[in-house]
>>> print(open('entry_17.cif').read())   # mmCIF, C-alpha atoms
data_entry
#
loop_
_atom_site.label_atom_id
_atom_site.label_comp_id
_atom_site.auth_asym_id
_atom_site.auth_seq_id
_atom_site.Cartn_x
_atom_site.Cartn_y
_atom_site.Cartn_z
CA MET A 803 102.19 104.31 64.19
CA LYS A 804 103.96 102.16 66.76
CA LEU A 805 106.41 99.74 65.24
CA VAL A 806 106.77 96.34 66.77
CA MET A 807 109.68 94.15 65.77
CA LYS A 808 109.55 90.55 66.80
CA SER A 809 112.89 89.06 65.90
CA ARG A 810 113.61 85.36 65.48
CA SER A 811 115.76 85.33 68.60
CA MET A 812 112.85 86.60 70.66
CA ARG A 813 110.46 83.92 69.53
CA SER A 814 110.97 81.79 72.61
CA SER A 815 109.72 84.59 74.84
CA GLN A 816 106.43 84.82 72.98
CA SER A 817 105.01 81.85 74.86
CA SER A 818 104.35 84.02 77.86
CA VAL A 819 102.29 86.52 75.92
CA VAL A 820 98.67 86.51 76.93
CA THR A 821 96.22 88.95 75.47
CA ASN A 822 94.55 91.45 77.70
CA LYS A 823 91.30 89.57 77.33
CA GLU A 824 92.82 86.51 78.92
CA THR A 825 94.59 88.29 81.77
CA LYS A 826 91.48 89.44 83.63
CA MET A 827 93.50 92.55 84.46
CA GLU A 828 90.90 95.23 84.92
CA LYS A 829 91.39 98.35 82.83
CA LYS A 830 92.09 101.30 85.11
CA PRO A 831 90.59 104.74 84.70
CA GLU A 832 92.98 107.35 83.32
CA TRP A 833 93.44 109.08 86.68
CA LEU A 834 95.06 106.00 88.23
CA LYS A 835 98.45 106.59 86.67
CA VAL A 836 101.71 106.73 88.63
CA SER A 837 105.37 107.09 87.79
CA TYR A 838 108.11 104.54 88.36
CA ASN A 839 111.84 105.13 88.28
CA LYS A 840 113.80 101.96 89.02
CA ALA A 841 116.99 103.69 90.15
CA ALA A 842 115.11 105.79 92.73
CA VAL A 843 113.17 102.79 94.00
CA ASP A 844 116.32 100.66 94.24
CA GLU A 845 118.13 103.33 96.24
CA VAL A 846 115.52 103.60 99.01
CA SER A 847 114.94 99.83 98.95
CA GLY A 848 118.66 99.37 99.50
CA ILE A 849 118.67 101.58 102.60
CA MET A 850 115.72 99.65 104.04
CA ALA A 851 117.33 96.28 103.35
CA ARG A 852 120.67 97.34 104.87
CA LEU A 853 118.97 98.55 108.06
CA LYS A 854 116.59 95.54 108.16
CA LEU A 855 113.53 97.80 107.97
CA ASN A 856 110.15 97.29 106.34
CA THR A 857 108.01 99.88 104.63
CA VAL A 858 104.27 99.72 104.24
CA CYS A 859 104.92 101.19 100.80
CA LYS A 860 106.43 97.91 99.70
CA GLU A 861 104.40 95.48 101.81
CA ALA A 862 101.07 97.06 100.87
CA ASN A 863 102.14 97.47 97.23
CA CYS A 864 101.32 101.15 97.51
CA PRO A 865 100.68 102.82 94.16
CA ASN A 866 102.61 105.88 95.32
CA LEU A 867 105.83 104.00 96.10
CA GLY A 868 107.51 105.24 92.92
CA GLU A 869 106.72 108.88 93.67
CA CYS A 870 107.57 108.71 97.37
CA TYR A 871 110.81 106.76 96.96
CA LYS A 872 111.87 109.19 94.24
CA LYS A 873 111.41 111.98 96.78
CA ARG A 874 113.41 109.82 99.22
CA THR A 875 110.53 109.35 101.60
CA ALA A 876 108.80 106.24 102.87
CA THR A 877 106.42 105.06 105.57
CA PHE A 878 108.10 102.65 107.93
CA MET A 879 106.30 99.55 109.10
CA ILE A 880 107.57 98.24 112.42
CA MET A 881 107.28 94.91 114.26
CA GLY A 882 107.77 92.81 111.15
CA ASN A 883 106.03 92.36 107.85
CA ILE A 884 103.53 89.72 108.93
CA CYS A 885 100.19 90.72 110.42
CA THR A 886 98.00 88.82 112.86
CA ARG A 887 94.84 90.19 111.23
CA HIS A 888 93.26 89.29 107.92
CA CYS A 889 91.66 92.46 106.60
CA ARG A 890 90.18 91.83 103.18
CA PHE A 891 91.55 94.98 101.56
CA CYS A 892 95.14 94.72 102.71
CA ASN A 893 98.15 93.33 100.85
CA VAL A 894 100.27 92.79 103.98
CA THR A 895 100.90 89.09 104.55
CA SER A 896 98.97 87.46 107.40
CA GLY A 897 100.28 84.55 109.40
CA VAL A 898 102.78 83.50 112.02
CA VAL A 899 104.69 86.52 113.26
CA LYS A 900 108.36 86.73 114.21
CA GLN A 901 109.94 88.18 117.32
CA VAL A 902 110.15 91.96 117.40
CA ASP A 903 113.66 93.25 116.61
CA PRO A 904 114.87 95.26 119.63
CA ASN A 905 117.30 97.15 117.36
CA GLU A 906 114.54 98.31 115.05
CA PRO A 907 113.95 101.69 116.79
CA LEU A 908 117.62 102.64 116.41
CA HIS A 909 117.80 101.43 112.82
CA LEU A 910 114.68 103.37 111.97
CA ALA A 911 116.11 106.50 113.57
CA GLU A 912 119.24 106.03 111.45
CA ALA A 913 117.17 105.70 108.28
CA VAL A 914 115.31 108.92 109.10
CA LYS A 915 118.68 110.64 109.39
CA GLU A 916 120.05 109.10 106.21
CA LEU A 917 116.96 110.08 104.23
CA ASP A 918 117.02 113.51 105.90
CA LEU A 919 113.28 113.35 106.58
CA LYS A 920 111.56 116.38 108.08
CA HIS A 921 108.43 114.39 108.85
CA VAL A 922 108.34 110.66 109.44
CA VAL A 923 105.35 108.35 109.39
CA ILE A 924 105.65 105.09 111.30
CA THR A 925 103.05 102.38 111.16
CA SER A 926 102.99 98.72 112.12
CA VAL A 927 101.37 95.42 111.51
CA THR A 928 98.73 94.45 114.07
CA ARG A 929 100.30 92.28 116.77
CA VAL A 930 97.56 90.73 118.87
CA ASP A 931 100.18 88.28 120.15
CA LEU A 932 102.00 91.02 122.09
CA GLN A 933 100.66 91.81 125.54
CA ASP A 934 100.64 95.56 124.87
CA GLY A 935 99.84 95.22 121.17
CA GLY A 936 103.27 96.70 120.43
CA ALA A 937 102.66 100.03 122.22
CA ARG A 938 106.05 99.97 123.96
CA HIS A 939 107.84 99.27 120.71
CA PHE A 940 106.05 102.23 119.15
CA ALA A 941 107.08 104.42 122.09
CA ASN A 942 110.69 103.19 121.92
CA THR A 943 110.76 103.96 118.21
CA ILE A 944 109.36 107.47 118.68
CA ARG A 945 111.98 108.19 121.35
CA ALA A 946 114.84 106.77 119.31
CA VAL A 947 113.84 108.83 116.26
CA ARG A 948 113.50 111.96 118.40
CA LYS A 949 116.90 111.43 120.04
CA LEU A 950 118.77 111.12 116.76
CA ASN A 951 116.62 113.61 114.83
CA PRO A 952 115.43 116.29 117.27
CA GLU A 953 113.93 118.46 114.51
CA VAL A 954 111.80 115.80 112.86
CA SER A 955 108.03 115.70 113.32
CA ILE A 956 106.68 112.24 114.03
CA GLU A 957 103.39 110.72 112.94
CA VAL A 958 102.36 107.25 114.04
CA LEU A 959 99.67 105.29 112.28
CA ILE A 960 98.63 102.81 114.94
CA PRO A 961 96.46 99.72 115.09
CA ASP A 962 93.49 99.84 117.47
CA LEU A 963 95.44 98.15 120.32
CA LYS A 964 92.06 96.56 121.08
CA GLY A 965 91.02 99.97 122.40
CA VAL A 966 92.96 99.41 125.66
CA ASN A 967 93.55 102.81 127.26
CA ASP A 968 96.67 101.75 129.16
CA HIS A 969 98.31 100.76 125.90
CA LEU A 970 97.27 103.95 124.17
CA ASP A 971 98.76 105.87 127.12
CA ILE A 972 102.17 104.35 126.40
CA ILE A 973 102.15 105.85 122.91
CA ILE A 974 100.63 109.14 124.04
CA GLU A 975 103.41 109.55 126.62
CA ALA A 976 106.02 109.33 123.87
CA SER A 977 104.32 112.42 122.42
CA PRO A 978 104.36 112.12 118.65
CA GLU A 979 103.04 115.15 116.77
CA VAL A 980 100.28 113.12 115.09
CA ILE A 981 98.48 109.94 116.07
CA ASN A 982 96.62 108.42 113.16
CA HIS A 983 94.27 105.50 113.39
CA ASN A 984 92.37 104.64 110.25
CA VAL A 985 88.75 103.61 110.43
CA GLU A 986 89.33 102.42 106.82
CA THR A 987 85.68 102.20 105.74
CA VAL A 988 82.13 103.09 106.69
CA GLN A 989 80.59 101.28 109.63
CA ALA A 990 78.18 99.21 107.54
CA LEU A 991 81.03 97.58 105.59
CA TYR A 992 83.14 96.50 108.57
CA SER A 993 82.02 92.87 108.47
CA GLN A 994 83.11 92.60 104.83
CA VAL A 995 86.24 94.74 104.90
CA ARG A 996 87.65 94.58 108.46
CA PRO A 997 85.94 91.55 109.99
CA GLU A 998 88.24 91.42 113.03
CA ALA A 999 87.94 95.11 113.82
CA ASN A 1000 85.21 97.24 115.31
CA TYR A 1001 84.10 100.72 114.26
CA GLU A 1002 83.25 101.93 117.76
CA GLN A 1003 86.60 100.70 119.04
CA SER A 1004 88.42 102.65 116.34
CA MET A 1005 86.43 105.77 117.20
CA HIS A 1006 87.31 105.18 120.84
CA VAL A 1007 91.03 105.21 119.96
CA LEU A 1008 90.67 108.65 118.35
CA ASP A 1009 88.46 109.90 121.17
CA TYR A 1010 90.78 108.71 123.94
CA VAL A 1011 93.92 110.18 122.35
CA LYS A 1012 92.30 113.59 121.87
CA THR A 1013 90.84 113.61 125.38
CA GLN A 1014 94.13 112.65 127.02
CA ALA A 1015 96.40 114.75 124.83
CA PRO A 1016 94.61 117.62 123.06
CA HIS A 1017 97.99 118.90 121.79
CA ILE A 1018 98.51 115.76 119.69
CA LYS A 1019 96.85 116.02 116.29
CA THR A 1020 94.57 113.08 115.57
CA LYS A 1021 93.96 111.74 112.13
CA THR A 1022 91.88 109.09 110.44
CA GLY A 1023 90.94 108.05 106.96
CA ILE A 1024 88.80 105.88 104.76
CA MET A 1025 88.97 104.13 101.43
CA VAL A 1026 86.08 104.62 99.04
CA GLY A 1027 84.97 102.51 96.12
CA LEU A 1028 83.90 99.61 98.32
CA GLY A 1029 80.18 100.20 97.80
CA GLU A 1030 79.61 102.85 100.46
CA ALA A 1031 76.89 105.48 100.12
CA ASP A 1032 77.64 109.21 100.38
CA GLU A 1033 75.59 109.49 103.56
CA GLN A 1034 77.72 106.76 105.13
CA VAL A 1035 80.89 108.68 104.26
CA TYR A 1036 79.43 111.83 105.82
CA GLN A 1037 78.55 109.81 108.90
CA VAL A 1038 82.21 108.77 109.33
CA MET A 1039 83.18 112.43 108.98
CA ASP A 1040 80.63 113.43 111.62
CA ASP A 1041 81.66 110.65 113.99
CA SER A 1042 85.34 111.57 113.58
CA LEU A 1043 84.66 115.25 114.20
CA LYS A 1044 82.62 114.37 117.27
CA VAL A 1045 85.74 112.79 118.80
CA GLY A 1046 87.85 115.82 117.89
CA CYS A 1047 89.68 114.38 114.90
CA ASP A 1048 91.82 117.04 113.16
CA ILE A 1049 92.89 115.43 109.89
CA PHE A 1050 90.86 113.27 107.51
CA THR A 1051 91.99 111.40 104.39
CA ILE A 1052 89.96 109.79 101.62
CA GLY A 1053 91.43 107.63 98.85
CA GLN A 1054 90.32 105.05 96.30
CA TYR A 1055 90.39 101.40 97.41
CA LEU A 1056 92.58 99.47 94.98
CA ARG A 1057 92.41 95.71 94.98
CA PRO A 1058 95.87 94.16 95.57
CA SER A 1059 94.92 90.83 93.97
CA SER A 1060 91.97 88.73 92.92
CA ASN A 1061 91.99 87.21 96.43
CA HIS A 1062 91.01 90.53 97.95
CA ILE A 1063 87.66 92.25 98.22
CA GLU A 1064 86.45 93.67 94.90
CA VAL A 1065 86.51 97.29 93.86
CA LYS A 1066 82.86 98.24 93.50
CA GLU A 1067 83.52 101.60 91.89
CA TYR A 1068 86.36 103.78 90.66
CA VAL A 1069 85.23 107.02 92.26
CA LYS A 1070 85.78 109.99 89.98
CA PRO A 1071 88.19 112.79 90.94
CA GLU A 1072 85.29 115.27 90.96
CA LYS A 1073 83.57 113.21 93.65
CA PHE A 1074 86.74 113.24 95.75
CA ALA A 1075 86.84 117.03 95.38
CA ALA A 1076 83.22 117.19 96.53
CA TYR A 1077 84.03 115.06 99.60
CA LYS A 1078 86.90 117.41 100.43
CA LYS A 1079 84.64 120.45 100.21
CA ILE A 1080 82.03 118.86 102.44
CA GLY A 1081 84.67 117.75 104.96
CA GLU A 1082 86.10 121.25 105.13
CA ALA A 1083 82.65 122.72 105.63
CA LYS A 1084 81.99 120.22 108.39
CA GLY A 1085 85.08 121.45 110.20
CA PHE A 1086 88.18 119.33 109.69
CA HIS A 1087 91.40 121.29 110.12
CA PHE A 1088 92.84 119.43 107.16
CA ILE A 1089 91.27 117.04 104.73
CA THR A 1090 92.88 115.44 101.74
CA SER A 1091 90.76 113.58 99.25
CA SER A 1092 91.77 112.24 95.86
CA PRO A 1093 92.02 108.84 94.17
CA LEU A 1094 95.65 108.13 95.06
CA VAL A 1095 95.58 109.54 98.58
CA ARG A 1096 96.83 107.10 101.19
CA SER A 1097 96.87 108.03 104.84
CA SER A 1098 100.57 108.84 104.86
CA TYR A 1099 100.76 110.33 101.35
CA ARG A 1100 102.31 113.82 101.61
CA ALA A 1101 101.47 113.63 105.31
CA GLU A 1102 103.73 116.57 106.16
CA GLU A 1103 101.34 118.92 104.34
CA ALA A 1104 98.77 118.56 107.12
CA LEU A 1105 101.26 120.03 109.59
CA ASP A 1106 101.78 123.20 107.57
CA ILE A 1107 98.29 124.41 108.48
CA MET B 170 126.29 99.99 73.14
CA LYS B 171 122.96 98.19 73.14
CA LYS B 172 120.97 97.78 76.35
CA ASN B 173 118.13 95.33 76.85
CA ILE B 174 115.08 96.79 78.54
CA CYS B 175 113.34 94.27 80.77
CA MET B 176 109.87 94.04 82.24
CA PRO B 177 110.29 95.65 85.67
CA LYS B 178 109.13 94.08 88.91
CA LEU B 179 106.95 96.90 90.19
CA SER B 180 105.95 95.19 93.40
CA GLU B 181 107.11 92.35 95.60
CA LYS B 182 104.48 89.86 94.50
CA MET B 183 104.32 90.91 90.84
CA GLU B 184 104.91 88.06 88.40
CA SER B 185 103.71 89.73 85.23
CA GLY B 186 102.15 92.94 83.99
CA VAL B 187 100.18 94.09 80.98
CA LEU B 188 101.90 96.49 78.61
CA ALA B 189 99.43 99.36 78.42
CA ALA B 190 101.31 101.57 75.94
CA TRP B 191 104.63 102.49 74.42
CA ASN B 192 105.36 106.18 74.90
CA LYS B 193 108.17 106.14 72.35
CA GLU B 194 108.30 104.76 68.84
CA VAL B 195 111.03 102.62 67.38
CA GLY B 196 113.74 104.92 66.03
CA GLU B 197 112.87 107.69 68.45
CA LYS B 198 115.31 109.29 70.89
CA VAL B 199 114.84 108.45 74.58
CA GLU B 200 116.33 110.38 77.48
CA ASN B 201 117.12 108.94 80.89
CA GLY B 202 114.09 109.73 83.09
CA GLU B 203 111.60 110.01 80.22
CA VAL B 204 108.54 107.77 80.28
CA LEU B 205 109.26 104.86 77.93
CA PHE B 206 106.24 102.64 78.45
CA GLU B 207 103.21 102.07 80.68
CA ILE B 208 102.42 98.90 82.59
CA GLU B 209 99.03 97.97 83.92
CA THR B 210 99.21 96.07 87.19
CA GLU B 211 96.53 94.95 89.61
CA LYS B 212 96.17 98.40 91.21
CA VAL B 213 97.26 101.10 88.77
CA VAL B 214 99.01 101.99 85.53
CA SER B 215 102.71 102.75 86.06
CA GLU B 216 104.57 105.09 83.74
CA VAL B 217 108.00 103.50 83.63
CA GLU B 218 110.88 105.91 83.17
CA SER B 219 113.85 104.97 81.02
CA GLN B 220 117.13 104.34 82.81
CA GLU B 221 119.06 104.87 79.57
CA SER B 222 119.55 107.57 76.97
CA GLY B 223 119.69 106.56 73.34
CA ILE B 224 117.62 105.44 70.39
CA LEU B 225 114.78 102.95 70.88
CA GLU B 226 115.96 100.29 68.49
CA ALA B 227 113.35 97.55 68.85
CA VAL B 228 110.32 96.62 70.89
CA TYR B 229 109.20 93.02 71.21
CA PHE B 230 105.72 93.39 72.63
CA GLU B 231 102.66 95.46 71.89
CA ALA B 232 99.99 97.10 74.03
CA GLY B 233 97.72 94.50 75.56
CA ASP B 234 100.42 91.83 75.93
CA GLU B 235 100.92 90.31 79.34
CA ILE B 236 104.64 89.95 80.01
CA LYS B 237 106.54 88.12 82.71
CA VAL B 238 108.85 90.07 85.00
CA ASP B 239 112.44 90.27 83.68
CA GLU B 240 111.56 89.40 80.08
CA ILE B 241 113.32 91.54 77.51
CA ILE B 242 110.76 93.89 76.02
CA ALA B 243 112.91 96.36 74.06
CA VAL B 244 116.43 97.37 73.07
CA ILE B 245 117.92 100.83 73.36
CA SER B 246 121.02 101.77 71.43
CA CYS B 247 122.77 103.95 73.99
CA ASP B 248 124.58 107.24 73.37
#
>>> encode(input="entry_17.cif", output="structure tokens")
Amino acid sequence: MKLVMKSRSMRSSQSSVVTNKETKMEKKPEWLKVSYNKAAVDEVSGIMARLKLNTVCKEANCPNLGECYKKRTATFMIMGNICTRHCRFCNVTSGVVKQVDPNEPLHLAEAVKELDLKHVVITSVTRVDLQDGGARHFANTIRAVRKLNPEVSIEVLIPDLKGVNDHLDIIIEASPEVINHNVETVQALYSQVRPEANYEQSMHVLDYVKTQAPHIKTKTGIMVGLGEADEQVYQVMDDSLKVGCDIFTIGQYLRPSSNHIEVKEYVKPEKFAAYKKIGEAKGFHFITSSPLVRSSYRAEEALDI
Amino acid sequence: MKKNICMPKLSEKMESGVLAAWNKEVGEKVENGEVLFEIETEKVVSEVESQESGILEAVYFEAGDEIKVDEIIAVISCD
């Protein structure tokens, strides 16, 4: 039996107690459990704050933050923490963006060194306000990381850059090991989930990168639990394979707040395992599929193949 | 020495969380790094590891309670 002691001195704090019924907090299935160690989280957060860096782990309220920070790894988010898009699944703040910090590439390279990362994943907010969509800043960051950490493998998770080939070329020329661009969901749900994006344009990004630079591994991923049908998931797999995509990730969509698009279904772990099997049979070099998979979660494992 | 255990802020925008379970009972020994309690937030359930070693002396909330960030939820009598 659990003992609960409510002392007189604590009475004032009881006003904030609301029963579960009143909170509207949805009960999560048992497989959506993560660990949290404050000391580990504070340590990595401190490094990021000192070097004026953002992580998508924090900005997206990633469920794996506790695990990744404890392992002293993180996914960097460059060009600020405010996005010019308004995707309905994403926790990153939308609004008026700030000027890009020219020292960010160097600071990020320093953080990679301090954390002693063997594989680094760098993503960004979408910056439609920048003429090149931020491609040069991505390239500068890749080069700065490479210069200070010659052994590290680099993965960039890029926005669609409006599908402009010249801008994609800038990133390709910087030669990261992996270029990831997430299609995020099945084509039929784009208008609800990514209203400002375009499925064909995202496929074009993957296609163009692979055509121009076959040595760079390409990667994409989707969230499930948004109401998609199995056939639609298989279609994304087929479309991705058609454009030569090497690595595919599937994870559960988790709603950041009641202002975001609803979770239609908590997909069971067995279903994720089935997706993985089908993806492997279809021909992906590496596919990772489980409820808590995010596109950069344990990303280095895909390079061990 | 007694240490207050507070409701952690598990994410930037978190204002409160629902206590999903206590993993230790009052009077039980707790080691640094052991899971002390579970918090249900918007996305997942977090197993919160203790930062202290000692005896769990008191808990002030029960499973199902929604608790504001930084509120004292328990006391550990440290080694």
>>> atom_distance(input="entry_17.cif", atom1="atom CA of Ala1076 of chain A", atom2="atom CA of Pro1093 of chain A")
12.4 Å
>>> resolve_selection(input="entry_17.cif", expression="the PyMOL selection byres ((chain B and resi 172) around 10)", output="list in words")
Met170, Lys171, Asn173, Ile174, Cys175, Gln220, Glu221, Ser222, Gly223, Leu225, Glu226, Ile241, Ala243, Val244, Ile245, Ser246 and Cys247 of chain B
>>> write_last_selection(input="entry_17.cif", atoms="C-alpha atoms", output="PDB file, in the coordinates of the input")
ATOM      1  CA  MET B 170     126.290  99.990  73.140  1.00  0.00           C
ATOM      2  CA  LYS B 171     122.960  98.190  73.140  1.00  0.00           C
ATOM      3  CA  ASN B 173     118.130  95.330  76.850  1.00  0.00           C
ATOM      4  CA  ILE B 174     115.080  96.790  78.540  1.00  0.00           C
ATOM      5  CA  CYS B 175     113.340  94.270  80.770  1.00  0.00           C
ATOM      6  CA  GLN B 220     117.130 104.340  82.810  1.00  0.00           C
ATOM      7  CA  GLU B 221     119.060 104.870  79.570  1.00  0.00           C
ATOM      8  CA  SER B 222     119.550 107.570  76.970  1.00  0.00           C
ATOM      9  CA  GLY B 223     119.690 106.560  73.340  1.00  0.00           C
ATOM     10  CA  LEU B 225     114.780 102.950  70.880  1.00  0.00           C
ATOM     11  CA  GLU B 226     115.960 100.290  68.490  1.00  0.00           C
ATOM     12  CA  ILE B 241     113.320  91.540  77.510  1.00  0.00           C
ATOM     13  CA  ALA B 243     112.910  96.360  74.060  1.00  0.00           C
ATOM     14  CA  VAL B 244     116.430  97.370  73.070  1.00  0.00           C
ATOM     15  CA  ILE B 245     117.920 100.830  73.360  1.00  0.00           C
ATOM     16  CA  SER B 246     121.020 101.770  71.430  1.00  0.00           C
ATOM     17  CA  CYS B 247     122.770 103.950  73.990  1.00  0.00           C
TER      18      CYS B 247
END
>>> interface_residues(input="entry_17.cif", of="chain B", to="chain A", cutoff="6 Å", atoms="all atoms listed in the file", output="number ranges by chain")
B: 180, 194-195, 212-218, 227-229, 233-236
>>> write_last_selection(input="entry_17.cif", atoms="C-alpha atoms", output="mmCIF file, in the coordinates of the input")
data_model
loop_
_atom_site.group_PDB
_atom_site.id
_atom_site.type_symbol
_atom_site.label_atom_id
_atom_site.label_comp_id
_atom_site.auth_asym_id
_atom_site.auth_seq_id
_atom_site.Cartn_x
_atom_site.Cartn_y
_atom_site.Cartn_z
ATOM 1 C CA SER B 180 105.950 95.190 93.400
ATOM 2 C CA GLU B 194 108.300 104.760 68.840
ATOM 3 C CA VAL B 195 111.030 102.620 67.380
ATOM 4 C CA LYS B 212 96.170 98.400 91.210
ATOM 5 C CA VAL B 213 97.260 101.100 88.770
ATOM 6 C CA VAL B 214 99.010 101.990 85.530
ATOM 7 C CA SER B 215 102.710 102.750 86.060
ATOM 8 C CA GLU B 216 104.570 105.090 83.740
ATOM 9 C CA VAL B 217 108.000 103.500 83.630
ATOM 10 C CA GLU B 218 110.880 105.910 83.170
ATOM 11 C CA ALA B 227 113.350 97.550 68.850
ATOM 12 C CA VAL B 228 110.320 96.620 70.890
ATOM 13 C CA TYR B 229 109.200 93.020 71.210
ATOM 14 C CA GLY B 233 97.720 94.500 75.560
ATOM 15 C CA ASP B 234 100.420 91.830 75.930
ATOM 16 C CA GLU B 235 100.920 90.310 79.340
ATOM 17 C CA ILE B 236 104.640 89.950 80.010
#
>>> atom_distance(input="entry_17.cif", atom1="atom CA of Ser926 of chain A", atom2="atom CA of His1006 of chain A")
19.1 Å
>>> atom_distance(input="entry_17.cif", atom1="atom CA of Ile1049 of chain A", atom2="atom CA of Phe1086 of chain A")
6.1 Å
>>> residues_near_point(input="entry_17.cif", point="(91.9, 101.0, 125.5)", cutoff="10 Å", atoms="all atoms listed in the file", output="PDB file with C-alpha atoms, keeping the file's coordinate frame")
ATOM      1  CA  ASP A 962      93.490  99.840 117.470  1.00  0.00           C
ATOM      2  CA  LEU A 963      95.440  98.150 120.320  1.00  0.00           C
ATOM      3  CA  LYS A 964      92.060  96.560 121.080  1.00  0.00           C
ATOM      4  CA  GLY A 965      91.020  99.970 122.400  1.00  0.00           C
ATOM      5  CA  VAL A 966      92.960  99.410 125.660  1.00  0.00           C
ATOM      6  CA  ASN A 967      93.550 102.810 127.260  1.00  0.00           C
ATOM      7  CA  ASP A 968      96.670 101.750 129.160  1.00  0.00           C
ATOM      8  CA  HIS A 969      98.310 100.760 125.900  1.00  0.00           C
ATOM      9  CA  LEU A 970      97.270 103.950 124.170  1.00  0.00           C
ATOM     10  CA  ASP A 971      98.760 105.870 127.120  1.00  0.00           C
ATOM     11  CA  GLN A1003      86.600 100.700 119.040  1.00  0.00           C
ATOM     12  CA  SER A1004      88.420 102.650 116.340  1.00  0.00           C
ATOM     13  CA  HIS A1006      87.310 105.180 120.840  1.00  0.00           C
ATOM     14  CA  VAL A1007      91.030 105.210 119.960  1.00  0.00           C
ATOM     15  CA  TYR A1010      90.780 108.710 123.940  1.00  0.00           C
ATOM     16  CA  VAL A1011      93.920 110.180 122.350  1.00  0.00           C
TER      17      VAL A1011
END
>>> closest_residue(input="entry_17.cif", among="A:Arg1096, A:Arg948, A:Lys1012, A:His1017", to="Glu912 of chain A", atoms="all atoms listed in the file")
A:Arg948
>>> build_atoms(input="entry_17.cif", residues="segment 827-840 of chain A", atoms="N, CA and C atoms", output="short mmCIF file (atom, residue, chain, number, x, y, z; two decimals), in the frame of the given file")
data_model
loop_
_atom_site.label_atom_id
_atom_site.label_comp_id
_atom_site.auth_asym_id
_atom_site.auth_seq_id
_atom_site.Cartn_x
_atom_site.Cartn_y
_atom_site.Cartn_z
N MET A 827 93.01 91.32 83.84
CA MET A 827 93.50 92.55 84.46
C MET A 827 92.53 93.65 84.12
N GLU A 828 91.92 94.21 85.15
CA GLU A 828 90.90 95.23 84.92
C GLU A 828 91.52 96.51 84.36
N LYS A 829 90.88 97.10 83.39
CA LYS A 829 91.39 98.35 82.83
C LYS A 829 91.15 99.47 83.83
N LYS A 830 92.19 100.25 84.09
CA LYS A 830 92.09 101.30 85.11
C LYS A 830 91.65 102.62 84.46
N PRO A 831 90.92 103.41 85.23
CA PRO A 831 90.59 104.74 84.70
C PRO A 831 91.86 105.58 84.55
N GLU A 832 91.79 106.57 83.68
CA GLU A 832 92.98 107.35 83.32
C GLU A 832 93.64 108.06 84.50
N TRP A 833 92.86 108.32 85.56
CA TRP A 833 93.44 109.08 86.68
C TRP A 833 94.25 108.18 87.62
N LEU A 834 94.26 106.88 87.37
CA LEU A 834 95.06 106.00 88.23
C LEU A 834 96.40 105.68 87.57
N LYS A 835 97.16 106.73 87.33
CA LYS A 835 98.45 106.59 86.67
C LYS A 835 99.54 107.11 87.61
N VAL A 836 100.61 106.33 87.74
CA VAL A 836 101.71 106.73 88.63
C VAL A 836 103.03 106.59 87.89
N SER A 837 104.06 107.20 88.46
CA SER A 837 105.37 107.09 87.79
C SER A 837 106.28 106.12 88.54
N TYR A 838 107.20 105.53 87.78
CA TYR A 838 108.11 104.54 88.36
C TYR A 838 109.51 104.75 87.79
N ASN A 839 110.44 104.99 88.69
CA ASN A 839 111.84 105.13 88.28
C ASN A 839 112.66 104.10 89.07
N LYS A 840 113.16 103.11 88.36
CA LYS A 840 113.80 101.96 89.02
C LYS A 840 114.98 102.38 89.89
#
